[in-house]
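Structure below is entry.csv: CSV, C-alpha atoms.
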chain,number,residue,atom,x,y,z
A,202,MET,CA,33.0,105.1,-44.4
A,203,THR,CA,30.4,103.1,-42.8
A,204,GLY,CA,27.3,104.5,-41.2
A,205,SER,CA,28.3,108.2,-41.0
A,206,GLY,CA,26.3,109.5,-44.1
A,207,PRO,CA,22.5,109.8,-44.5
A,208,GLN,CA,20.6,106.6,-45.2
A,209,TYR,CA,18.4,106.6,-48.4
A,210,PRO,CA,15.6,104.1,-48.8
A,211,GLU,CA,15.8,101.7,-51.6
A,212,PRO,CA,14.1,102.6,-54.9
A,213,ALA,CA,11.5,99.8,-54.4
A,214,GLU,CA,10.7,101.2,-51.0
A,215,LEU,CA,10.4,104.7,-52.5
A,216,ARG,CA,8.0,103.5,-55.2
A,217,ARG,CA,5.8,101.7,-52.6
A,218,LEU,CA,5.6,104.9,-50.6
A,219,VAL,CA,4.7,107.0,-53.6
A,220,GLU,CA,2.0,104.5,-54.6
A,221,GLU,CA,0.6,104.5,-51.1
A,222,ARG,CA,0.5,108.3,-50.9
A,223,THR,CA,-1.1,108.5,-54.4
A,224,ALA,CA,-3.8,106.1,-53.3
A,225,ASP,CA,-4.4,108.1,-50.2
A,226,LEU,CA,-4.6,111.3,-52.2
A,227,GLN,CA,-7.1,109.7,-54.7
A,228,ARG,CA,-9.3,108.5,-51.8
A,229,VAL,CA,-9.3,111.9,-50.2
A,230,LYS,CA,-10.1,113.6,-53.5
A,231,ALA,CA,-13.0,111.2,-54.2
A,232,GLU,CA,-14.4,111.8,-50.7
A,233,TYR,CA,-14.2,115.6,-51.3
A,234,ASP,CA,-15.9,115.3,-54.7
A,235,ASN,CA,-18.7,113.2,-53.1
A,236,TYR,CA,-19.0,115.8,-50.3
A,237,ARG,CA,-19.3,118.6,-52.8
A,238,LYS,CA,-22.0,116.7,-54.7
A,239,ARG,CA,-24.0,115.9,-51.5
A,240,VAL,CA,-23.8,119.6,-50.4
A,241,ARG,CA,-25.0,120.8,-53.8
A,242,ARG,CA,-27.9,118.3,-53.8
A,243,ASP,CA,-28.8,119.2,-50.2
A,244,ARG,CA,-28.8,122.9,-51.0
A,245,LEU,CA,-31.1,122.3,-54.0
A,246,ALA,CA,-33.5,120.3,-51.8
A,247,VAL,CA,-33.6,123.0,-49.1
A,248,ARG,CA,-34.3,125.6,-51.8
A,249,GLU,CA,-37.1,123.5,-53.3
A,250,ILE,CA,-38.6,123.0,-49.8
A,251,ALA,CA,-38.3,126.8,-49.0
A,252,VAL,CA,-40.0,127.8,-52.4
A,253,ALA,CA,-42.8,125.2,-51.8
A,254,ASN,CA,-43.4,126.6,-48.3
A,255,VAL,CA,-43.6,130.2,-49.5
A,256,LEU,CA,-45.9,129.2,-52.4
A,257,ARG,CA,-48.1,127.1,-50.0
A,258,ALA,CA,-48.4,130.2,-47.8
A,259,LEU,CA,-49.6,132.3,-50.8
A,260,LEU,CA,-52.4,129.8,-51.8
A,261,PRO,CA,-54.9,131.3,-49.4
A,262,VAL,CA,-54.2,134.7,-51.0
A,263,LEU,CA,-54.9,133.3,-54.4
A,264,ASP,CA,-58.1,131.7,-53.1
A,265,ALA,CA,-59.2,135.1,-51.7
A,266,VAL,CA,-58.5,136.8,-55.0
A,267,ASP,CA,-60.4,134.1,-56.9
A,268,ARG,CA,-63.4,134.4,-54.5
A,269,ALA,CA,-63.3,138.2,-54.9
A,270,CYS,CA,-63.3,137.8,-58.7
A,271,ALA,CA,-66.2,135.4,-58.6
A,272,HIS,CA,-68.4,137.4,-56.2
A,273,GLU,CA,-67.5,141.1,-56.8
A,274,PRO,CA,-67.8,143.3,-59.9
A,275,LEU,CA,-64.5,142.9,-61.8
A,276,THR,CA,-62.7,146.2,-61.6
A,277,PRO,CA,-59.6,146.8,-63.6
A,278,GLY,CA,-57.5,146.8,-60.5
A,279,LEU,CA,-58.8,143.5,-59.2
A,280,GLU,CA,-58.5,142.0,-62.6
A,281,ASP,CA,-54.9,143.2,-62.8
A,282,ILE,CA,-54.0,141.8,-59.4
A,283,ALA,CA,-55.6,138.4,-60.3
A,284,ASP,CA,-53.8,138.2,-63.6
A,285,ARG,CA,-50.4,139.2,-62.3
A,286,LEU,CA,-50.6,136.8,-59.3
A,287,LYS,CA,-51.6,133.9,-61.6
A,288,GLU,CA,-48.9,134.9,-64.1
A,289,GLN,CA,-46.2,135.0,-61.5
A,290,LEU,CA,-47.2,131.7,-59.9
A,291,GLY,CA,-47.3,130.1,-63.3
A,292,SER,CA,-43.8,131.4,-64.1
A,293,LEU,CA,-42.6,129.6,-61.0
A,294,GLY,CA,-44.1,126.4,-62.1
A,295,VAL,CA,-47.3,126.4,-60.1
A,296,THR,CA,-50.2,124.7,-61.8
A,297,SER,CA,-53.8,124.3,-60.7
A,298,PHE,CA,-55.8,121.1,-61.1
A,299,GLY,CA,-59.2,119.7,-60.2
A,300,GLU,CA,-61.8,119.9,-62.9
A,301,VAL,CA,-65.4,118.5,-63.0
A,302,GLY,CA,-65.3,115.1,-64.6
A,303,ASP,CA,-61.7,114.3,-63.6
A,304,PRO,CA,-61.3,110.7,-62.3
A,305,PHE,CA,-61.0,110.8,-58.5
A,306,ASP,CA,-57.5,110.2,-57.3
A,307,PRO,CA,-57.0,110.1,-53.5
A,308,ALA,CA,-53.4,111.0,-53.9
A,309,CYS,CA,-54.3,114.5,-55.1
A,310,HIS,CA,-58.0,115.0,-54.3
A,311,ASP,CA,-59.7,115.3,-50.9
A,312,ALA,CA,-63.3,114.0,-51.3
A,313,VAL,CA,-65.5,116.0,-48.9
A,314,ALA,CA,-68.8,114.6,-50.2
A,315,HIS,CA,-70.0,111.5,-52.1
A,316,ARG,CA,-73.0,111.3,-54.3
A,317,THR,CA,-74.3,108.0,-55.7
A,318,ALA,CA,-74.4,107.7,-59.5
A,319,PRO,CA,-75.8,104.3,-60.3
A,320,ASP,CA,-74.8,104.6,-64.0
A,321,SER,CA,-71.1,105.3,-63.1
A,322,ASP,CA,-68.5,102.5,-62.7
A,323,ARG,CA,-65.9,104.7,-61.1
A,324,LEU,CA,-65.6,107.8,-58.9
A,325,VAL,CA,-65.3,111.1,-60.7
A,326,CYS,CA,-65.1,114.7,-59.5
A,327,SER,CA,-68.6,116.1,-59.7
A,328,ALA,CA,-67.8,119.5,-58.1
A,329,VAL,CA,-64.6,121.3,-57.3
A,330,LEU,CA,-64.9,123.1,-54.0
A,331,ARG,CA,-61.3,124.3,-53.8
A,332,PRO,CA,-58.7,123.8,-56.6
A,333,GLY,CA,-55.5,121.9,-55.9
A,334,TYR,CA,-52.0,123.1,-56.8
A,335,ARG,CA,-48.8,121.5,-57.9
A,336,LEU,CA,-45.2,122.8,-58.1
A,337,GLY,CA,-43.8,120.7,-61.0
A,338,GLU,CA,-44.6,117.2,-59.9
A,339,ASN,CA,-44.8,118.0,-56.2
A,340,LEU,CA,-48.3,118.4,-54.6
A,341,LEU,CA,-48.6,121.8,-52.8
A,342,ARG,CA,-52.3,121.3,-51.9
A,343,PRO,CA,-54.9,118.7,-52.8
A,344,ALA,CA,-58.1,119.7,-54.5
A,345,HIS,CA,-61.2,119.5,-52.3
A,346,VAL,CA,-63.9,117.9,-54.5
A,347,GLU,CA,-67.3,116.3,-54.3
A,348,VAL,CA,-67.3,112.9,-56.0
A,349,ALA,CA,-70.0,110.9,-57.8
A,350,GLY,CA,-69.8,107.2,-58.5
A,351,PRO,CA,-71.1,103.8,-57.7
A,352,ALA,CA,-72.6,103.0,-54.3
A,353,PRO,CA,-70.0,102.0,-51.8
A,354,PRO,CA,-69.7,98.3,-50.9
A,355,ALA,CA,-72.1,97.0,-48.3
A,356,ARG,CA,-70.8,97.1,-44.7
A,357,SER,CA,-69.6,93.8,-43.4
A,358,PRO,CA,-71.4,92.4,-40.4
A,359,HIS,CA,-68.2,90.7,-39.2
A,360,GLY,CA,-66.6,93.8,-37.9
A,361,GLY,CA,-64.7,96.2,-40.0
A,362,ASP,CA,-65.4,98.2,-43.1
A,363,ARG,CA,-62.2,97.4,-44.9
A,364,GLY,CA,-61.3,99.9,-47.6
A,365,VAL,CA,-64.1,102.3,-46.5
A,366,ARG,CA,-63.9,105.4,-44.3
A,367,PRO,CA,-66.8,107.6,-43.3
A,368,SER,CA,-67.2,110.9,-45.3
A,369,THR,CA,-66.5,114.2,-43.6
A,370,ALA,CA,-69.7,115.6,-45.0
A,371,GLY,CA,-72.3,115.0,-42.3
A,372,GLY,CA,-74.5,112.0,-43.1
A,373,ALA,CA,-73.1,111.4,-46.6
A,374,PRO,CA,-72.3,107.8,-47.5
A,375,PRO,CA,-68.7,106.7,-47.2
A,376,PHE,CA,-66.3,106.4,-50.1
A,377,PRO,CA,-63.7,103.8,-51.0
A,378,ILE,CA,-60.1,104.3,-50.1
A,379,ALA,CA,-57.5,103.5,-52.8
A,380,ARG,CA,-54.9,101.1,-51.7
A,381,SER,CA,-51.3,101.5,-53.0

Write-out of the structure in structure tokens:
Amino acid sequence: MTGSGPQYPEPAELRRLVEERTADLQRVKAEYDNYRKRVRRDRLAVREIAVANVLRALLPVLDAVDRACAHEPLTPGLEDIADRLKEQLGSLGVTSFGEVGDPFDPACHDAVAHRTAPDSDRLVCSAVLRPGYRLGENLLRPAHVEVAGPAPPARSPHGGDRGVRPSTAGGAPPFPIARS
């Protein structure tokens, strides 16, 4: 009775094969779990980007409604449109910023003009030309502001105005650039 029946592996060999297949299965399961988490995270990121793009596209509409409210007689219809638009944007997490007196922050303000205020030791927003908007912590649009503050540093005769860029308002003095 030698060699005619089926050959069965030894129990130690069977144990090794089971452990090997178990390790393979655990590795595949971990890879799949990581894939699912990555896909979920990517979907949320794409959704946030899409929402931000739609809201960014609506900001000019909000600006037009604000201008109409500021320059036209406030009719009940216009007032209702303005209130509902602001209410809906607020419910989505959109907040406006940019107030006179706020410290100037180049990360969220675009300074379009600079006025010298000798009694000031830092730049502050002296006028808000267009409000800025955030969606949660994300910047949708910077506020366009006029800033007032100390005179800019004197220009260096050795070539280069480090830390200073010219203002976009014709002929206005330059303002400092914050370094991060």

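Distance annotation: of A:Arg342, A:Arg285, A:Arg237, A:His310, the residue with the minimal separation from Asn254 of chain A is A:Arg342; atom set is all atoms listed in the file.
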
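Here the question is which of A:Asp303, A:Ala283, A:Glu249, A:Asp322 gets nearest to Val346 of chain A using only C-alpha atoms, and that residue is A:Asp303.
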
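Between atom CA of Leu263 of chain A and atom CA of Leu286 of chain A the interatomic distance comes to 7.4 Å.
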
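Selecting by distance to (-52.6, 131.0, -49.5) with a limit of 12 Å and using all atoms listed in the file, one obtains Ala253, Asn254, Val255, Leu256, Arg257, Ala258, Leu259, Leu260, Pro261, Val262, Leu263, Asp264, Ala265, Val266, Asp267, Leu286, Leu290, Arg331, Pro332, Gly333, Tyr334, Leu341 and Arg342 of chain A.
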
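Taking atom CA of Gly294 of chain A as the reference point, atom CA of Glu338 of chain A is found at 9.5 Å.
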
Legend entry - Point-to-point distance from atom CA of Glu220 of chain A to atom CA of Tyr233 of chain A, Å rounded to tenths: 19.9 Å

Inset, instruction - Point out the residue among A:Pro307, A:Gly350, A:Pro210, A:Pro343 with the least atom-to-atom distance to Asp320 of chain A, counting all atoms listed in the file. - result: A:Gly350

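For the residues A:Asp243, A:Glu347, A:Glu214, A:Asp225, ranking by smallest atom-to-atom distance to Val301 of chain A using all atoms listed in the file places A:Glu347 first.
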
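You can rank A:Ala349, A:Leu279, A:Ala344, A:Val229 by their closest distance to Ser297 of chain A using all atoms listed in the file, and at the top of that list sits A:Ala344.
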
Legend entry - Contacts of Pro304 of chain A within 7 Å, only C-alpha atoms, excl. fewer than 4 positions in-chain, as number ranges by chain: A: 324-326
